[in-house]
Each structure stands twice: as structure tokens, then as C-alpha cells.
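K.L.:
Enclosed is the structure file run34.cif (mmCIF, C-alpha atoms).
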```
data_work
#
loop_
_atom_site.label_atom_id
_atom_site.label_comp_id
_atom_site.auth_asym_id
_atom_site.auth_seq_id
_atom_site.Cartn_x
_atom_site.Cartn_y
_atom_site.Cartn_z
CA MET A 202 135.03 31.04 63.12
CA ASP A 203 138.14 33.16 62.67
CA ASP A 204 139.33 35.37 59.83
CA HIS A 205 141.78 32.74 58.68
CA GLN A 206 138.93 30.36 57.96
CA LEU A 207 136.99 33.02 56.14
CA SER A 208 139.90 33.93 53.92
CA ARG A 209 139.84 30.42 52.50
CA ARG A 210 136.62 31.25 50.68
CA PRO A 211 137.21 34.48 48.86
CA ILE A 212 134.14 36.14 47.41
CA THR A 213 134.22 37.73 44.01
CA ASP A 214 132.61 41.07 43.29
CA GLN A 215 129.85 39.33 41.41
CA GLU A 216 129.14 36.76 44.08
CA ALA A 217 128.81 39.43 46.71
CA GLN A 218 125.64 40.60 44.99
CA TYR A 219 123.83 37.31 45.24
CA ILE A 220 121.65 36.25 48.13
CA THR A 221 122.42 32.61 47.23
CA ARG A 222 125.57 33.11 49.31
CA THR A 223 123.42 31.97 52.23
CA GLU A 224 122.95 28.64 50.48
CA GLU A 225 126.71 28.24 50.13
CA LEU A 226 127.12 29.12 53.77
CA ALA A 227 124.61 26.47 54.78
CA TYR A 228 127.04 23.94 53.31
CA GLU A 229 130.19 25.61 54.63
CA LEU A 230 129.15 26.35 58.19
CA LYS A 231 129.41 23.47 60.65
CA VAL A 232 126.81 22.82 63.31
CA GLU A 233 129.36 23.47 66.07
CA GLU A 234 129.96 26.98 64.71
CA VAL A 235 126.37 28.08 65.26
CA MET A 236 125.03 25.88 68.11
CA THR A 237 124.38 27.06 71.66
CA ARG A 238 127.05 25.55 73.90
CA ASP A 239 125.90 26.41 77.39
CA VAL A 240 123.04 23.93 77.67
CA LYS A 241 120.77 23.45 80.68
CA CYS A 242 120.51 19.69 81.23
CA LEU A 243 118.40 17.30 83.25
CA ALA A 244 119.34 13.94 84.81
CA PRO A 245 117.13 10.82 84.45
CA ASP A 246 116.54 10.55 88.20
CA MET A 247 115.48 14.19 88.62
CA LYS A 248 111.80 14.88 89.32
CA MET A 249 109.50 16.31 86.65
CA HIS A 250 108.71 19.31 88.85
CA GLN A 251 112.42 20.15 88.65
CA ALA A 252 112.12 20.05 84.86
CA LEU A 253 109.11 22.38 85.09
CA GLU A 254 111.13 24.74 87.30
CA LEU A 255 114.07 24.67 84.87
CA PHE A 256 111.81 25.46 81.90
CA ARG A 257 110.23 28.35 83.82
CA THR A 258 113.40 29.95 85.17
CA GLU A 259 115.44 29.53 81.99
CA ARG A 260 112.48 30.34 79.71
CA ILE A 261 113.19 27.25 77.58
CA SER A 262 110.80 24.77 76.03
CA GLY A 263 112.95 21.65 76.11
CA ALA A 264 116.08 20.19 77.69
CA PRO A 265 118.39 17.24 77.04
CA VAL A 266 118.77 14.47 79.60
CA VAL A 267 122.34 13.34 80.22
CA VAL A 268 124.23 10.78 82.29
CA ASP A 269 127.96 11.55 82.73
CA GLY A 270 127.78 13.92 79.79
CA VAL A 271 126.24 11.30 77.48
CA LEU A 272 122.84 12.04 75.97
CA CYS A 273 120.05 9.60 76.83
CA GLY A 274 116.90 11.57 76.09
CA VAL A 275 115.12 14.91 75.86
CA VAL A 276 112.20 16.42 77.73
CA SER A 277 110.06 18.62 75.51
CA LEU A 278 107.14 20.85 76.37
CA GLU A 279 104.84 18.10 75.10
CA ASP A 280 106.37 15.61 77.56
CA LEU A 281 105.84 18.10 80.36
CA ILE A 282 102.22 18.72 79.37
CA ARG A 283 101.62 14.95 79.34
CA CYS A 284 103.01 14.80 82.88
CA LEU A 285 100.90 17.76 84.03
CA THR A 286 97.77 16.18 82.57
CA ASN A 287 98.50 13.07 84.63
CA ASN A 288 99.10 15.28 87.65
CA ASP A 289 102.36 13.36 88.04
CA LEU A 290 105.04 16.02 88.73
CA ASP A 291 106.71 13.79 91.31
CA ALA A 292 107.56 11.24 88.64
CA GLN A 293 111.12 10.91 87.45
CA VAL A 294 112.40 12.55 84.28
CA LYS A 295 113.23 9.15 82.77
CA ASP A 296 109.52 8.20 82.90
CA TYR A 297 108.41 11.05 80.67
CA MET A 298 111.46 11.90 78.56
CA THR A 299 111.70 10.94 74.90
CA ALA A 300 114.50 8.36 74.83
CA ASN A 301 116.97 8.04 71.93
CA PRO A 302 116.07 11.39 70.39
CA ILE A 303 117.13 12.41 66.91
CA THR A 304 120.52 14.12 67.11
CA ILE A 305 122.96 15.89 64.84
CA SER A 306 126.75 15.61 64.80
CA HIS A 307 128.81 18.69 65.64
CA THR A 308 130.79 18.30 62.41
CA ASP A 309 127.72 18.13 60.13
CA PRO A 310 127.10 21.09 57.85
CA VAL A 311 124.23 23.34 58.86
CA VAL A 312 122.30 22.23 55.77
CA GLU A 313 121.91 18.73 57.30
CA ALA A 314 120.31 20.25 60.37
CA LEU A 315 117.94 22.28 58.20
CA LYS A 316 116.85 19.07 56.47
CA LEU A 317 116.24 17.40 59.84
CA PHE A 318 114.17 20.34 61.04
CA VAL A 319 112.00 19.99 57.97
CA THR A 320 111.60 16.19 58.05
CA THR A 321 111.19 15.72 61.83
CA ARG A 322 109.39 18.99 62.58
CA HIS A 323 111.41 19.21 65.79
CA GLY A 324 112.21 22.65 67.15
CA ARG A 325 115.61 21.75 68.52
CA LEU A 326 118.29 19.16 67.97
CA PRO A 327 120.80 17.94 70.55
CA VAL A 328 124.35 18.18 69.15
CA VAL A 329 126.56 15.19 69.97
CA ASP A 330 129.98 13.80 69.11
CA ALA A 331 130.72 10.26 67.91
CA GLN A 332 130.40 8.93 71.50
CA ARG A 333 127.00 10.61 71.89
CA ARG A 334 128.44 13.11 74.37
CA LEU A 335 126.27 16.22 74.44
CA LEU A 336 128.11 19.26 73.05
CA GLY A 337 125.30 21.72 72.60
CA ILE A 338 121.82 22.34 71.30
CA LEU A 339 120.72 23.67 67.96
CA THR A 340 117.57 25.62 67.10
CA LYS A 341 116.49 27.23 63.83
CA GLY A 342 117.18 30.55 65.52
CA ASP A 343 120.82 29.54 66.09
CA ILE A 344 121.17 28.79 62.39
CA THR A 345 119.61 32.07 61.30
CA LEU A 346 121.86 34.01 63.64
CA GLY A 347 124.96 32.05 62.57
CA LEU A 348 124.22 32.60 58.87
CA LEU A 349 123.61 36.30 59.37
CA GLN A 350 126.85 36.70 61.30
CA ALA A 351 128.84 34.82 58.67
CA LEU A 352 127.29 36.87 55.86
CA GLN A 353 127.98 40.07 57.72
CA LYS A 354 131.61 39.05 58.20
CA ASP A 355 132.06 38.18 54.51
CA TYR A 356 130.50 41.44 53.51
CA GLN A 357 132.57 43.52 55.90
CA ILE A 358 135.85 42.00 54.74
CA GLU A 359 135.13 42.90 51.10
CA GLU A 360 133.77 46.31 52.11
CA VAL A 361 136.84 47.16 54.17
CA ARG A 362 139.11 46.10 51.32
CA ARG A 363 137.15 48.14 48.87
CA TYR A 364 136.87 51.14 51.14
CA ARG A 365 140.58 51.23 51.91
CA ALA A 366 141.46 51.02 48.23
CA SER A 367 138.83 53.48 47.09
CA HIS A 368 140.32 56.16 49.33
CA LEU A 369 143.92 55.28 48.55
CA PHE A 370 144.84 58.54 46.89
CA GLU A 371 143.09 60.69 49.47
CA ASP A 372 145.22 59.27 52.23
CA ILE A 373 148.51 59.77 50.44
CA VAL A 374 149.56 63.35 49.85
CA SER A 375 151.96 64.24 47.07
CA ASP A 376 152.02 66.62 44.13
CA ARG A 377 151.25 63.75 41.84
CA THR A 378 150.32 60.31 43.16
CA SER A 379 149.99 57.28 40.95
CA LEU A 380 149.78 53.56 41.33
CA ILE A 381 151.69 51.41 38.86
CA LEU A 382 150.69 47.84 38.16
CA ARG A 383 152.91 45.62 36.01
CA TYR A 384 152.05 42.33 34.41
CA ASN A 385 154.59 40.09 32.70
CA ILE A 386 153.08 38.27 29.76
CA LYS A 387 154.65 35.08 28.45
CA PRO A 388 154.53 34.15 24.75
CA ARG A 389 151.99 31.45 23.77
CA ASP A 390 150.71 31.28 27.35
CA PHE A 391 147.09 30.82 26.29
CA VAL A 392 146.21 29.15 29.57
CA HIS A 393 146.72 32.42 31.44
CA GLY A 394 145.30 34.59 28.67
CA GLY A 395 143.12 37.27 30.22
CA ALA A 396 144.61 37.03 33.70
CA ALA A 397 146.36 40.40 33.56
CA SER A 398 143.33 42.22 32.21
CA SER A 399 140.94 40.68 34.71
CA ASN A 400 143.32 41.47 37.59
CA LEU A 401 143.65 45.05 36.41
CA LYS A 402 139.89 45.40 36.05
CA ARG A 403 139.38 44.07 39.55
CA ALA A 404 141.99 46.47 40.94
CA LEU A 405 140.20 49.38 39.27
CA LEU A 406 136.86 48.38 40.74
CA ARG A 407 138.44 48.10 44.18
CA LEU A 408 139.88 51.56 43.70
CA GLY A 409 136.36 52.80 43.14
CA ALA A 410 136.56 53.21 39.36
CA ASN A 411 133.35 53.70 37.44
CA PRO A 412 132.29 50.20 36.21
CA GLN A 413 132.04 51.46 32.62
CA ILE A 414 135.65 52.71 32.72
CA ALA A 415 136.79 49.44 34.30
CA ARG A 416 135.04 47.48 31.55
CA ARG A 417 136.56 49.54 28.73
CA CYS A 418 139.97 49.25 30.34
CA GLY A 419 139.52 45.49 30.76
CA ILE A 420 138.65 44.97 27.09
CA ALA A 421 141.53 47.13 25.81
CA VAL A 422 144.08 45.43 28.04
CA TYR A 423 142.70 41.97 27.16
CA GLU A 424 143.37 42.63 23.48
CA ALA A 425 146.86 43.97 24.22
CA GLU A 426 147.54 40.98 26.45
CA MET A 427 146.42 38.48 23.80
CA ASN A 428 148.55 40.29 21.18
CA LEU A 429 151.60 39.77 23.38
CA ILE A 430 150.71 36.10 23.89
CA ILE A 431 149.97 35.42 20.22
CA HIS A 432 152.55 37.46 18.34
CA THR A 433 155.66 38.20 20.39
CA THR A 434 158.94 36.31 20.42
CA ASN A 435 159.69 36.65 24.13
CA GLY A 436 156.43 37.97 25.55
CA GLY A 437 156.16 41.46 26.95
CA VAL A 438 155.09 43.70 29.78
CA ILE A 439 151.85 45.51 30.47
CA ARG A 440 152.29 48.51 32.69
CA ALA A 441 149.25 50.39 33.93
CA GLU A 442 149.66 53.70 35.74
CA ILE A 443 146.57 54.67 37.65
CA GLU A 444 146.01 58.24 38.69
CA PRO A 445 142.80 59.74 40.05
CA HIS A 446 141.92 61.39 36.74
CA GLN A 447 143.51 59.04 34.19
CA ILE A 448 144.80 55.56 33.46
CA SER A 449 147.85 55.22 31.23
CA ILE A 450 148.65 51.78 29.91
CA GLU A 451 151.70 50.62 28.00
CA ALA A 452 152.20 47.23 26.38
CA THR A 453 155.76 46.70 25.25
CA ASP A 454 157.67 43.83 23.71
CA ASP A 455 161.02 43.23 22.03
CA GLY A 456 159.87 41.69 18.82
CA PRO A 457 159.26 40.76 16.17
CA GLY A 458 157.48 44.09 15.60
CA ILE A 459 154.79 45.07 13.13
CA LYS A 460 155.78 45.46 9.48
CA ASP A 461 152.98 47.83 8.53
CA VAL A 462 151.30 49.60 11.44
CA GLU A 463 148.66 51.24 9.25
CA LEU A 464 147.65 47.89 7.79
CA ALA A 465 147.61 46.29 11.25
CA MET A 466 145.09 48.88 12.38
CA ARG A 467 142.65 47.94 9.59
CA PRO A 468 139.61 45.95 10.80
CA GLY A 469 139.88 42.29 9.82
CA TYR A 470 143.60 42.33 9.06
CA SER A 471 145.53 39.69 10.99
CA THR A 472 148.83 37.85 10.78
CA ALA A 473 147.75 35.14 13.25
CA SER A 474 148.58 31.54 12.37
CA ASP A 475 145.86 29.03 11.46
CA GLU A 476 146.47 27.27 14.75
CA VAL A 477 145.74 30.44 16.72
CA ARG A 478 142.75 31.25 14.53
CA GLU A 479 141.24 27.91 15.41
CA LEU A 480 141.14 29.10 19.00
CA GLY A 481 139.06 32.05 17.90
CA PHE A 482 141.85 34.60 17.87
CA GLY A 483 143.12 36.49 14.86
CA ALA A 484 139.85 38.13 13.88
CA GLY A 485 141.85 41.23 13.08
CA MET A 486 139.71 43.20 15.51
CA GLY A 487 142.07 43.53 18.46
CA LEU A 488 143.56 46.92 17.76
CA VAL A 489 140.19 48.16 16.50
CA ASN A 490 138.65 47.15 19.80
CA ILE A 491 141.37 48.92 21.73
CA GLN A 492 140.84 52.10 19.77
CA ARG A 493 137.11 51.94 20.52
CA CYS A 494 137.65 51.49 24.26
CA VAL A 495 140.35 54.05 25.06
CA ASP A 496 140.45 57.82 24.77
CA SER A 497 143.83 57.95 23.11
CA MET A 498 146.03 55.29 21.56
CA LYS A 499 149.49 55.32 20.05
CA LEU A 500 151.08 52.34 18.34
CA GLU A 501 154.79 52.43 17.50
CA SER A 502 156.65 49.50 16.07
CA THR A 503 159.91 48.72 14.37
CA TRP A 504 160.17 45.46 12.50
CA GLY A 505 162.89 43.39 14.11
CA LYS A 506 162.98 45.55 17.25
CA GLY A 507 159.62 45.48 18.96
CA THR A 508 156.36 47.23 19.59
CA ARG A 509 155.08 49.78 22.06
CA LEU A 510 151.37 50.38 22.44
CA ARG A 511 150.27 53.29 24.61
CA MET A 512 146.70 53.85 25.70
CA LYS A 513 144.99 56.38 27.92
CA LEU A 514 141.60 56.60 29.54
CA PHE A 515 140.45 59.84 31.13
CA MET A 516 138.04 60.04 34.01
CA LYS A 517 135.40 62.73 34.44
CA PRO A 518 135.84 64.81 37.63
CA GLU A 519 132.89 62.99 39.25
CA ASN A 520 134.38 59.60 38.43
CA THR A 521 137.97 59.88 39.60
CA VAL A 522 139.70 56.77 40.93
CA GLY A 523 140.87 56.26 44.51
CA GLU A 524 139.27 59.40 45.85
CA GLY A 525 136.31 57.91 47.58
CA HIS A 526 133.72 57.71 44.80
CA SER A 527 131.62 54.60 45.01
CA SER A 528 131.92 52.17 42.14
CA SER A 529 128.59 50.49 42.67
CA MET B 161 111.99 39.10 31.04
CA ILE B 162 113.26 35.56 30.88
CA THR B 163 115.66 34.04 33.38
CA LEU B 164 118.63 31.82 32.70
CA ASP B 165 117.04 28.74 34.24
CA GLN B 166 113.95 29.18 32.01
CA ILE B 167 116.21 29.43 28.97
CA ALA B 168 118.13 26.33 30.07
CA ARG B 169 114.84 24.40 30.35
CA GLU B 170 113.31 25.66 27.09
CA LEU B 171 116.45 24.88 25.08
CA ASP B 172 117.20 21.67 26.99
CA LEU B 173 120.73 22.87 27.74
CA THR B 174 123.20 20.86 29.80
CA LEU B 175 124.87 22.80 32.58
CA VAL B 176 128.54 21.83 32.67
CA THR B 177 129.70 24.19 35.40
CA ASP B 178 128.77 24.05 39.10
CA SER B 179 125.12 24.73 39.65
CA HIS B 180 123.97 27.85 41.39
CA ASP B 181 120.70 29.74 41.39
CA LEU B 182 120.05 30.58 37.75
CA SER B 183 116.54 31.86 38.41
CA GLU B 184 118.07 35.12 39.62
CA VAL B 185 120.00 35.73 36.40
CA VAL B 186 118.19 37.75 33.73
CA PRO B 187 120.19 37.91 30.50
CA THR B 188 120.15 41.27 28.75
CA GLY B 189 120.76 39.99 25.22
CA GLY B 190 122.72 37.60 23.09
CA TYR B 191 125.68 37.40 20.78
CA VAL B 192 126.96 34.72 18.41
CA SER B 193 130.57 34.46 17.27
CA ASP B 194 133.58 32.19 17.42
CA MET B 195 136.02 35.07 17.18
CA LEU B 196 136.94 36.27 20.65
CA SER B 197 137.70 39.83 19.63
CA CYS B 198 134.30 40.15 18.02
CA VAL B 199 132.71 38.94 21.25
CA MET B 200 134.80 41.46 23.18
CA SER B 201 133.42 44.17 21.00
CA GLY B 202 129.86 42.99 20.52
CA ALA B 203 128.55 41.00 23.48
CA PRO B 204 126.43 42.96 25.96
CA ARG B 205 127.08 42.87 29.68
CA GLN B 206 125.01 40.06 31.25
CA GLY B 207 124.42 38.72 27.74
CA ILE B 208 124.46 35.12 26.50
CA TRP B 209 127.29 34.15 24.18
CA VAL B 210 126.70 31.32 21.72
CA THR B 211 129.85 29.73 20.33
CA LEU B 212 131.58 26.62 19.04
CA GLN B 213 134.75 27.49 20.92
CA ALA B 214 135.30 25.25 23.93
CA HIS B 215 138.79 26.03 25.17
CA VAL B 216 139.90 27.80 28.32
CA ASN B 217 140.13 31.29 26.81
CA ILE B 218 136.37 31.62 26.45
CA VAL B 219 136.20 31.84 30.23
CA ALA B 220 138.47 34.88 30.41
CA VAL B 221 136.31 36.64 27.83
CA ALA B 222 133.07 35.82 29.64
CA ALA B 223 134.49 36.88 33.00
CA LEU B 224 135.81 40.18 31.68
CA LEU B 225 132.55 41.02 29.97
CA GLU B 226 130.49 39.76 32.93
CA LEU B 227 128.41 37.59 30.63
CA ALA B 228 125.39 35.74 32.01
CA ALA B 229 126.39 32.48 30.32
CA ILE B 230 128.21 30.78 27.46
CA ILE B 231 126.34 28.23 25.36
CA VAL B 232 128.78 25.88 23.65
CA THR B 233 127.08 24.40 20.58
CA GLU B 234 127.29 21.15 18.57
CA ASN B 235 128.47 19.31 21.69
CA ALA B 236 131.96 20.77 21.17
CA LEU B 237 134.19 18.94 23.61
CA LEU B 238 134.86 21.26 26.55
CA ASP B 239 138.40 21.57 27.80
CA PRO B 240 138.36 20.36 31.46
CA ALA B 241 140.58 23.37 32.27
CA ALA B 242 137.84 25.61 30.90
CA ILE B 243 135.27 24.08 33.24
CA SER B 244 137.43 24.36 36.35
CA ARG B 245 138.43 27.93 35.47
CA ALA B 246 134.79 28.81 34.89
CA ASN B 247 133.86 27.47 38.30
CA GLU B 248 136.66 29.53 39.82
CA LYS B 249 135.50 32.70 38.10
CA GLY B 250 131.78 32.11 38.55
CA VAL B 251 131.15 31.79 34.81
CA THR B 252 128.17 29.66 33.72
CA ILE B 253 128.68 27.33 30.74
CA PHE B 254 126.02 25.23 29.00
CA SER B 255 126.50 22.60 26.36
CA THR B 256 124.05 21.60 23.62
CA PRO B 257 123.98 19.37 20.52
CA LYS B 258 122.14 22.16 18.64
CA THR B 259 123.97 24.40 16.16
CA SER B 260 124.72 28.05 16.93
CA PHE B 261 122.12 29.00 14.30
CA GLU B 262 119.40 26.95 16.02
CA VAL B 263 120.28 28.25 19.47
CA ALA B 264 120.24 31.85 18.30
CA GLY B 265 116.85 31.29 16.65
CA LEU B 266 115.39 29.74 19.79
CA LEU B 267 116.76 32.52 22.00
CA TRP B 268 115.23 35.08 19.67
CA GLN B 269 111.91 33.24 19.83
CA LEU B 270 112.06 33.46 23.63
CA GLY B 271 112.26 37.20 23.30
CA LEU B 272 115.98 37.73 23.73
CA ARG B 273 117.42 40.46 21.52
CA SER B 274 120.90 41.72 20.69
CA GLY B 275 121.09 43.72 23.90
#
```
Take the structure from the file and write it as C-alpha cells.
P.N.:
Amino acid sequence: MDDHQLSRRPITDQEAQYITRTEELAYELKVEEVMTRDVKCLAPDMKMHQALELFRTERISGAPVVVDGVLCGVVSLEDLIRCLTNNDLDAQVKDYMTANPITISHTDPVVEALKLFVTTRHGRLPVVDAQRRLLGILTKGDITLGLLQALQKDYQIEEVRRYRASHLFEDIVSDRTSLILRYNIKPRDFVHGGAASSNLKRALLRLGANPQIARRCGIAVYEAEMNLIIHTTNGGVIRAEIEPHQISIEATDDGPGIKDVELAMRPGYSTASDEVRELGFGAGMGLVNIQRCVDSMKLESTWGKGTRLRMKLFMKPENTVGEGHSSS
Amino acid sequence: MITLDQIARELDLTLVTDSHDLSEVVPTGGYVSDMLSCVMSGAPRQGIWVTLQAHVNIVAVAALLELAAIIVTENALLDPAAISRANEKGVTIFSTPKTSFEVAGLLWQLGLRSG
């Protein structure tokens, strides 16, 4: 499994916390990704004492029997014991092997193999292709190891990402370093409503921001974002400047502007249309929410010209962003 | 402490998003409103949000607030875009024929508080 394959299933911050990721992996991982490929095989015309020797030297408890690479049976420890009981070690493998054993396809998800282990109570499954050519062997141990490795890889990728970002400002030396994120917001684009704020929140968490700060920032920017979507003529821009000790956010648009800023700030006051209200917007709580979530807020607007909303959040010295504090 | 899958069983809720292990999710509280800004301000993290709203924007709100689940009441017809977005974002949505009032009452009876 290479990194390209892994990148097709991105994990969210929330998902990363859940153990149920192993369940997902059981569906995603294919048998061929976890099976043992280098298999010790027997031939039907070999003697059972050769099977005994193979089991002893390789410390295995079963082996597939193949003819020209095609699977025709397996010899298990039970088969060998049966042979020993009969004192019949000179017999041929084909006389004691289990013919037509249960197999699994190399392209099956690991979860299918787990089901077979449970229903058949077998300890190992020969892995074959559509022509019953033997490709490998699968034990429960192979699955456990494969799952652990895949989980570890997932985890490391997110950790590396997070670590790199959380030390961003430490690695870059200047008198004043900041990271600026810009989001263009289109008018009436309800389908993407909340995308900018959730992306900004995620960026902050990656940068190692305190989760409480990231949440407050997310809520404030969500309200600003929805205001641009609901009220503006041509949409607007959200610009967030992240510095270790503060986040400064600006939401600007070129109209129509707010007629009475003081009135707009009053809880419950809204100019939203009935159509928008039906969607659950226009509670008249947006600006109130912003004020509650940020440390300072300034709203300037000229009717006919546009609006500029500026917000700031300050971080405590122990919670600075991008300087290696852990966010979790 | 009651888990999300217990709540789903007790209230006979229909899961409309992809299933995942709900027995690990322990909601911290609940909130009822159809106004998104009020939810933004009032719903607790890992809380359950009860609403009549069924369009795609409820997902953004739930994701931002890291809510445990949304319960959409009175069988309000869910926007297919909302369901696919919710699956993308890992947001759990239930549907029920009960009213928001009934659902809130039942959640309270199960011991869930405002959070």
C-alpha cells in the first residue's frame, strides 16, 4: 500500500479519535495487502514425512498443496496427526491432504476473510486468484499486523501534517510573522455556506490552536460568512491573519451596506427575506454571536458603499498558535 | 450517561446518514431551535440538536459545533445534498415523525440536560 492510496481516504480530526477506524480498514484493505506471499508449498506426490520435515523446519502448522502453481489441497496439523497415528509417514501427501479447501480471493476485503475465520474456524486461508493459482496464505495474525500498520500509517500522516503546521512560526524567523488566509464568498451561495469557517477552524487546529479558540473563531466567521451570503450584492471576502498571539479577521463587501449599524447590532433585529428565514437564517443573532465569540469587534458600514467587519481574538501566552503547543 | 445508539433505540429514530459506531458517542446535552444562529450560540459541543430544518446548511452548523447528532423532526424531507454532505463531514443525522417538543421531552426523560 503506498501513500497515494492512503491519500484517497483522508481522515478528519474527529475520525482520528475513533477506534472504529479499524472497522473501516477491514473493508478498505484487500487480502493481498496483508497476506504472506512467500509460502512453503507441498506437491501431491511428496511423502508425508517430507511434510512433517517442512512443518518442523519452517515452524508452520499447515501448508498448501499445489500442482503447477494451482491449489489442490492443504495439509494441516490435524492431517499430519492422523497420518502419524496410522504410522503411515511414507504415504503420499495427496492421501492425507484436505482436498478442495476453503479459499479466499486476493481482491476480497479483509472483512470477508474475518467472516470466514469465524464461520469455518480455520486458522489459515489459502489466497488464490480467479484461476485458483496460489498467491499467498492468510492468517489472523497477518490481518492484525496489516490493520495495525495501516492505522499507524494513517495516524502518522495526520500527525506529521499537524506537527509541521503547529511549529510553523517557530521555523520561520522574522520580526513579525503572520499567515493570511483568504476566502471569497459568493452571494446566495447557500450550498457552500460554512465552508470558509470550517476550513479556517481546521487550519487553526492544525496550527495547534487551543480548541476553544478555534471554536469561537469558527462560530464568529460562520456568522460573518452567512451575512455575506445572505445580504451582499456581489459577495465579499473573508481575510484571516493568524499570528502566534492573535487572530485578526476582516469580512468586507461592496454593498449594499447597513443603514443603521446600531440597530443591526440589536439582538433579534434582522433584514433577512422571508425566503432566507425559512432556511433558519435571519434570527437577528449573527452579529450578537460574533460579539460574544471575539475579543474585539468593529463594524463599519456605509449604505450604498459596503461593509467592513473587523474582529480580533487574542491568545494567552500558553496558548499561542504555530509555536508548538499541542491542540489536543 | 446515555449513548447515541441507546437514544436512537429509545426514541425509535431513523438513521439517515451512513452508520458508524454510535455506542461510543455520549451526548453532553441538547438544544432545540430552527434558527441557525441560535444553535450556533446555544448548542453545546457534542450535544444533540433537534430541529425542523432539513436543508444542507444544518450540516455546516453541526460540523462547526462538533455536535453529536441532528434529529430532524416531523419527518421533514431531508435534502439529499444534506445527507451526502453529512456523510462527508462525519455528521450524524436522524429522522423522526415526532415533533420537536416530543423529542425534547423524551430526551429530557432519558436524563439529557441542556449541557
K.L.:
Which of these, B:Leu270, B:Met161, B:Val251, B:Ala264, has the shortest distance to Glu226 (chain B) once you count all atoms listed in the file?
P.N.:
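Closest to Glu226 (chain B) of all the choices is B:Val251.
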K.L.:
So, with only C-alpha atoms as the atoms that count, which of B:Asn217, B:Ser183, B:Thr174, B:Thr188 lies closest to chain A?
P.N.:
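For chain A, the nearest of the given residues is B:Asn217.
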K.L.:
Can you pull out the residues contacting Ser474 (chain A)? Cut-off 12 Å, using only C-alpha atoms, and skip same-chain residues under 4 positions away; I want them as an mmCIF file with C-alpha atoms, keeping the file's coordinate frame.
P.N.:
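So around_5.cif came out as:
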```cif
data_model
loop_
_atom_site.group_PDB
_atom_site.id
_atom_site.type_symbol
_atom_site.label_atom_id
_atom_site.label_comp_id
_atom_site.auth_asym_id
_atom_site.auth_seq_id
_atom_site.Cartn_x
_atom_site.Cartn_y
_atom_site.Cartn_z
ATOM 1 C CA ARG A 389 151.990 31.450 23.770
ATOM 2 C CA ILE A 431 149.970 35.420 20.220
ATOM 3 C CA HIS A 432 152.550 37.460 18.340
ATOM 4 C CA ARG A 478 142.750 31.250 14.530
ATOM 5 C CA GLU A 479 141.240 27.910 15.410
ATOM 6 C CA LEU A 480 141.140 29.100 19.000
ATOM 7 C CA GLY A 481 139.060 32.050 17.900
ATOM 8 C CA PHE A 482 141.850 34.600 17.870
ATOM 9 C CA GLY A 483 143.120 36.490 14.860
ATOM 10 C CA ALA A 484 139.850 38.130 13.880
ATOM 11 C CA GLY A 485 141.850 41.230 13.080
#
```
K.L.:
Evaluate the PyMOL selection byres ((chain A) within 9 of (chain B)) and record the selected residues as a ChimeraX atom specification, following the chain and residue labels used in the document.
P.N.:
/A:213,215-216,219,221,391-396,398-399,402,416,419-420,423-424,478-487,490,493
K.L.:
Between B:Ile231, B:Ala222, B:Ile208, B:Leu238, which one has atoms that come closest to Pro187 (chain B), using all atoms listed in the file?
P.N.:
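Once distances to Pro187 (chain B) are computed over all atoms listed in the file, the minimum belongs to B:Ile208.
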K.L.:
Excluding Asp172 (chain B) and residues on its chain fewer than 4 positions from it, collect all residues at most 9 Å away from it, counting all atoms listed in the file, and give them as a list of chain:residue names.
P.N.:
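Near neighbours after the sequence-gap exclusion: B:Ile167, B:Ala168, B:Thr256.
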K.L.:
For the file shown, report as a ChimeraX atom specification the outcome of the PyMOL selection byres ((chain A and resi 373-378) around 12) at residue level.
P.N.:
/A:365-366,368-372,379-381,442-447,522-524
K.L.:
For region 267-270 of chain A, find every residue with an atom within 9 Å (counting all atoms listed in the file), except residues of its own chain fewer than 3 positions away, and show them as a list in words.
P.N.:
Cys242, Leu243, Ala244, Pro245, Cys273, Gly274, Val275, Arg333, Arg334, Leu335 and Leu336 of chain A
K.L.:
Using C-alpha atoms, can you write the selected residues to a file as a PDB file, in the frame of the given file?
P.N.:
```pdb
ATOM      1  CA  CYS A 242     120.510  19.690  81.230  1.00  0.00           C
ATOM      2  CA  LEU A 243     118.400  17.300  83.250  1.00  0.00           C
ATOM      3  CA  ALA A 244     119.340  13.940  84.810  1.00  0.00           C
ATOM      4  CA  PRO A 245     117.130  10.820  84.450  1.00  0.00           C
ATOM      5  CA  CYS A 273     120.050   9.600  76.830  1.00  0.00           C
ATOM      6  CA  GLY A 274     116.900  11.570  76.090  1.00  0.00           C
ATOM      7  CA  VAL A 275     115.120  14.910  75.860  1.00  0.00           C
ATOM      8  CA  ARG A 333     127.000  10.610  71.890  1.00  0.00           C
ATOM      9  CA  ARG A 334     128.440  13.110  74.370  1.00  0.00           C
ATOM     10  CA  LEU A 335     126.270  16.220  74.440  1.00  0.00           C
ATOM     11  CA  LEU A 336     128.110  19.260  73.050  1.00  0.00           C
TER      12      LEU A 336
END
```
K.L.:
Under the PyMOL selection byres ((chain A and resi 434) around 12), which residues of this model are included? Write them out as a PyMOL selection string.
P.N.:
chain A and resi 386-390+428-433+435-437+453-458+505-508
K.L.:
Box along x, y and z, 8 Å on every side, all listed atoms of region 245-260 of chain B inside: centre and edge lengths in Å to one decimal, as AutoDock Vina command-line options.
P.N.:
```
--center_x 130.3 --center_y 26.0 --center_z 28.0 --size_x 32.3 --size_y 29.3 --size_z 39.7
```
K.L.:
Hey, can you check how far CA of Ala203 (chain B) sits from CA of Pro412 (chain A)?
P.N.:
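Interatomic distance, CA of Ala203 (chain B) to CA of Pro412 (chain A): 16.1 Å.
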K.L.:
In Å to one decimal, how far is CA of Asp239 (chain A) from CA of Arg283 (chain A)?
P.N.:
26.9 Å
K.L.:
Hey, what's within 8 Å of region 460-462 of chain A if we count all atoms listed in the file and toss same-chain stuff fewer than 5 positions away? As a PyMOL selection string, please?
P.N.:
chain A and resi 500-504
K.L.:
Which value, in Å to one decimal, gives the distance between CA of Val422 (chain A) and CA of Val176 (chain B)?
P.N.:
28.6 Å
K.L.:
So which one's closest to Pro257 (chain B), B:Glu234, B:Asp165, B:Glu170, B:Asp178? Using only C-alpha atoms, please.
P.N.:
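Once distances to Pro257 (chain B) are computed over only C-alpha atoms, the minimum belongs to B:Glu234.
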